[in-house]
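> Below is one structure. I have some questions about it.
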Amino acid sequence: MIAVDTNILVYAVREDSPWHQAALSCIRRLAEGQATWAIAWPSIHEFLAVVTHPRIYRPPTSLQDAILQVDYWKESPTLRMIGEDQAHWEHLKPVLVAGKATGPLVHDARVVAICRASGVREIWTADRDYSRFPGILARNPLVTAS
């Protein structure tokens with residue numbers, strides 16, 4: 001199963017991103033495909049925070065439009081929304097240690113732990129920090145997307 005990280009979600013929505021078309025194509029391919037794919041809830045939260053932030057985007061995406069976009073993604077019959085469960089701490093600890101995650105990297109470790117516990121083998125991201133965490137392949141689909 002492939003999971004999609006925040007930055008790919010943001011680029012797919014923000015038409016002012018130079019990676020918009022490539023990211024949109026990647027998301028459409030997953031959403032319209034037959035294989036199960038995933039988005040971790042923390043990535044949804046971060047997506048909402050980023051696209052609606054007036055210091056990041058001018059104009060920012062309206063909250064209403066951002067929420068609507070999440071609803072659209074959730075309409076994909078092959079999408080699985082994933083998050084923490086009761087055993088999350090036991091999944092997170094080894095990811096934190098293996099990736100030497102401190103500061104902002106703790107968020108990435110959280111997403112990796114959720115993904116690994118949910119059976120995700122690959123995460124699509126433009127964030128190179130994910131490559132520091134073992135047990136999941138971090139791939140930037142935008143470098144090979146047409």
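Naming works like this for the structure tokens: A, B, ... for the chains as they're shown, residue 1 at the start of each chain, ligands 1 onward in shown order.
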Which residues of stretch 84-109 of chain A have any atom within 12 Å of an atom in stretch 40-47 of chain A when counting only C-alpha atoms, and what is the closest pair of atoms for each, with the distance in Å to one decimal? Order the rows by chain and rising number and write it as CSV.


residue,atom,partner,partner_atom,distance
A:Glu84,CA,A:Trp41,CA,8.6
A:Asp85,CA,A:Trp41,CA,11.8
A:Val106,CA,A:Pro42,CA,11.8
A:His107,CA,A:Pro42,CA,8.2
A:Asp108,CA,A:Pro42,CA,9.4
A:Ala109,CA,A:Pro42,CA,11.0

> Find the residues around stretch 64-66 of chain A up to 8 Å (only C-alpha atoms counted), leave out those fewer than 6 positions away in its own chain, and share them as a PyMOL selection string.

chain A and resi 48+51-52

> Keeping only C-alpha atoms, take the residues you just selected and write them out as an mmCIF file, in the first residue's frame.


data_model
loop_
_atom_site.group_PDB
_atom_site.id
_atom_site.type_symbol
_atom_site.label_atom_id
_atom_site.label_comp_id
_atom_site.auth_asym_id
_atom_site.auth_seq_id
_atom_site.Cartn_x
_atom_site.Cartn_y
_atom_site.Cartn_z
ATOM 1 C CA LEU A 48 -5.397 21.844 6.372
ATOM 2 C CA VAL A 51 -3.109 25.450 2.666
ATOM 3 C CA THR A 52 -5.236 27.735 4.856
#

> Among chain A, which residues does DSSP mark as strand (DSSP E) when it is run on the backbone? Keep the chain and numbering as in the structure and answer as a list in words.

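Answer for chain A restricted to strand (DSSP E) is Ile2, Ala3, Val4, Trp37, Ala38, Ile39, Ala40, Leu79, Arg80, Met81, Ile82, Glu122, Ile123, Trp124, Leu137, Ala138 and Arg139 of chain A.
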
> Output as an MDAnalysis selection string all residues of stretch 7-129 of chain A that backbone DSSP marks as alpha helix (DSSP H).

chainID A and resid 7:13 20:31 41:51 63:74 88:99 105:117

> How would the residues just picked look written out with C-alpha atoms as a tab-separated table (two decimals), in the first residue's frame?


chain	number	residue	atom	x	y	z
A	7	ASN	CA	3.43	18.00	0.58
A	8	ILE	CA	2.05	15.95	-2.31
A	9	LEU	CA	-1.50	16.72	-1.10
A	10	VAL	CA	-0.69	20.44	-0.89
A	11	TYR	CA	0.89	20.55	-4.35
A	12	ALA	CA	-2.08	18.69	-5.83
A	13	VAL	CA	-4.46	21.38	-4.55
A	20	HIS	CA	0.75	21.13	-9.13
A	21	GLN	CA	0.14	19.17	-12.33
A	22	ALA	CA	2.53	16.34	-11.43
A	23	ALA	CA	1.08	16.00	-7.91
A	24	LEU	CA	-2.50	16.18	-9.16
A	25	SER	CA	-1.73	13.44	-11.67
A	26	CYS	CA	-0.26	11.23	-8.93
A	27	ILE	CA	-3.28	11.66	-6.66
A	28	ARG	CA	-5.73	11.04	-9.50
A	29	ARG	CA	-3.88	7.88	-10.47
A	30	LEU	CA	-4.21	6.56	-6.92
A	31	ALA	CA	-7.80	7.74	-6.38
A	41	TRP	CA	-4.73	11.62	9.65
A	42	PRO	CA	-1.77	13.73	10.79
A	43	SER	CA	-1.08	14.48	7.10
A	44	ILE	CA	-4.67	15.66	6.69
A	45	HIS	CA	-4.31	17.93	9.72
A	46	GLU	CA	-1.05	19.32	8.37
A	47	PHE	CA	-2.57	19.77	4.88
A	48	LEU	CA	-5.40	21.84	6.37
A	49	ALA	CA	-2.95	23.93	8.42
A	50	VAL	CA	-0.65	24.63	5.46
A	51	VAL	CA	-3.11	25.45	2.67
A	63	LEU	CA	-11.18	26.45	5.04
A	64	GLN	CA	-14.39	25.48	3.26
A	65	ASP	CA	-12.50	24.56	0.07
A	66	ALA	CA	-9.82	22.66	2.00
A	67	ILE	CA	-12.45	20.63	3.87
A	68	LEU	CA	-14.26	19.96	0.60
A	69	GLN	CA	-11.01	18.68	-0.91
A	70	VAL	CA	-10.58	16.19	1.93
A	71	ASP	CA	-14.16	15.07	1.37
A	72	TYR	CA	-13.36	14.50	-2.32
A	73	TRP	CA	-10.33	12.38	-1.48
A	74	LYS	CA	-12.42	10.36	0.96
A	88	HIS	CA	0.88	3.43	18.65
A	89	TRP	CA	3.51	4.17	21.28
A	90	GLU	CA	5.08	0.75	20.75
A	91	HIS	CA	5.26	1.47	17.01
A	92	LEU	CA	6.54	5.03	17.46
A	93	LYS	CA	9.41	4.38	19.89
A	94	PRO	CA	11.59	2.31	17.54
A	95	VAL	CA	10.93	4.70	14.64
A	96	LEU	CA	12.01	7.67	16.77
A	97	VAL	CA	15.20	5.91	17.84
A	98	ALA	CA	16.13	4.47	14.42
A	99	GLY	CA	15.56	7.81	12.71
A	105	LEU	CA	11.28	15.13	12.68
A	106	VAL	CA	9.04	13.74	15.43
A	107	HIS	CA	6.02	14.54	13.21
A	108	ASP	CA	7.56	12.57	10.34
A	109	ALA	CA	8.33	9.67	12.69
A	110	ARG	CA	4.69	9.74	13.82
A	111	VAL	CA	3.48	9.43	10.23
A	112	VAL	CA	5.97	6.62	9.53
A	113	ALA	CA	4.88	4.71	12.65
A	114	ILE	CA	1.23	5.02	11.62
A	115	CYS	CA	2.06	3.90	8.09
A	116	ARG	CA	4.15	0.92	9.16
A	117	ALA	CA	1.52	-0.23	11.64

> Go through A:Lys100, A:Ala87, A:Asp5, A:Ile39 and flag the residue nearest A:Arg132, using only C-alpha atoms for the distances.

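Smallest separation from A:Arg132 among the options: A:Lys100.
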
> Have a look at atom CA of A:Gln34 and atom CA of A:Thr78 and let me know their distance in Å, one decimal.

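One can read the atom CA of A:Gln34 to atom CA of A:Thr78 distance as 6.7 Å.
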
> Please report the interatomic distance between atom CA of A:Arg80 and atom CA of A:Leu142 in Å with one decimal.

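The value is 21.8 Å.
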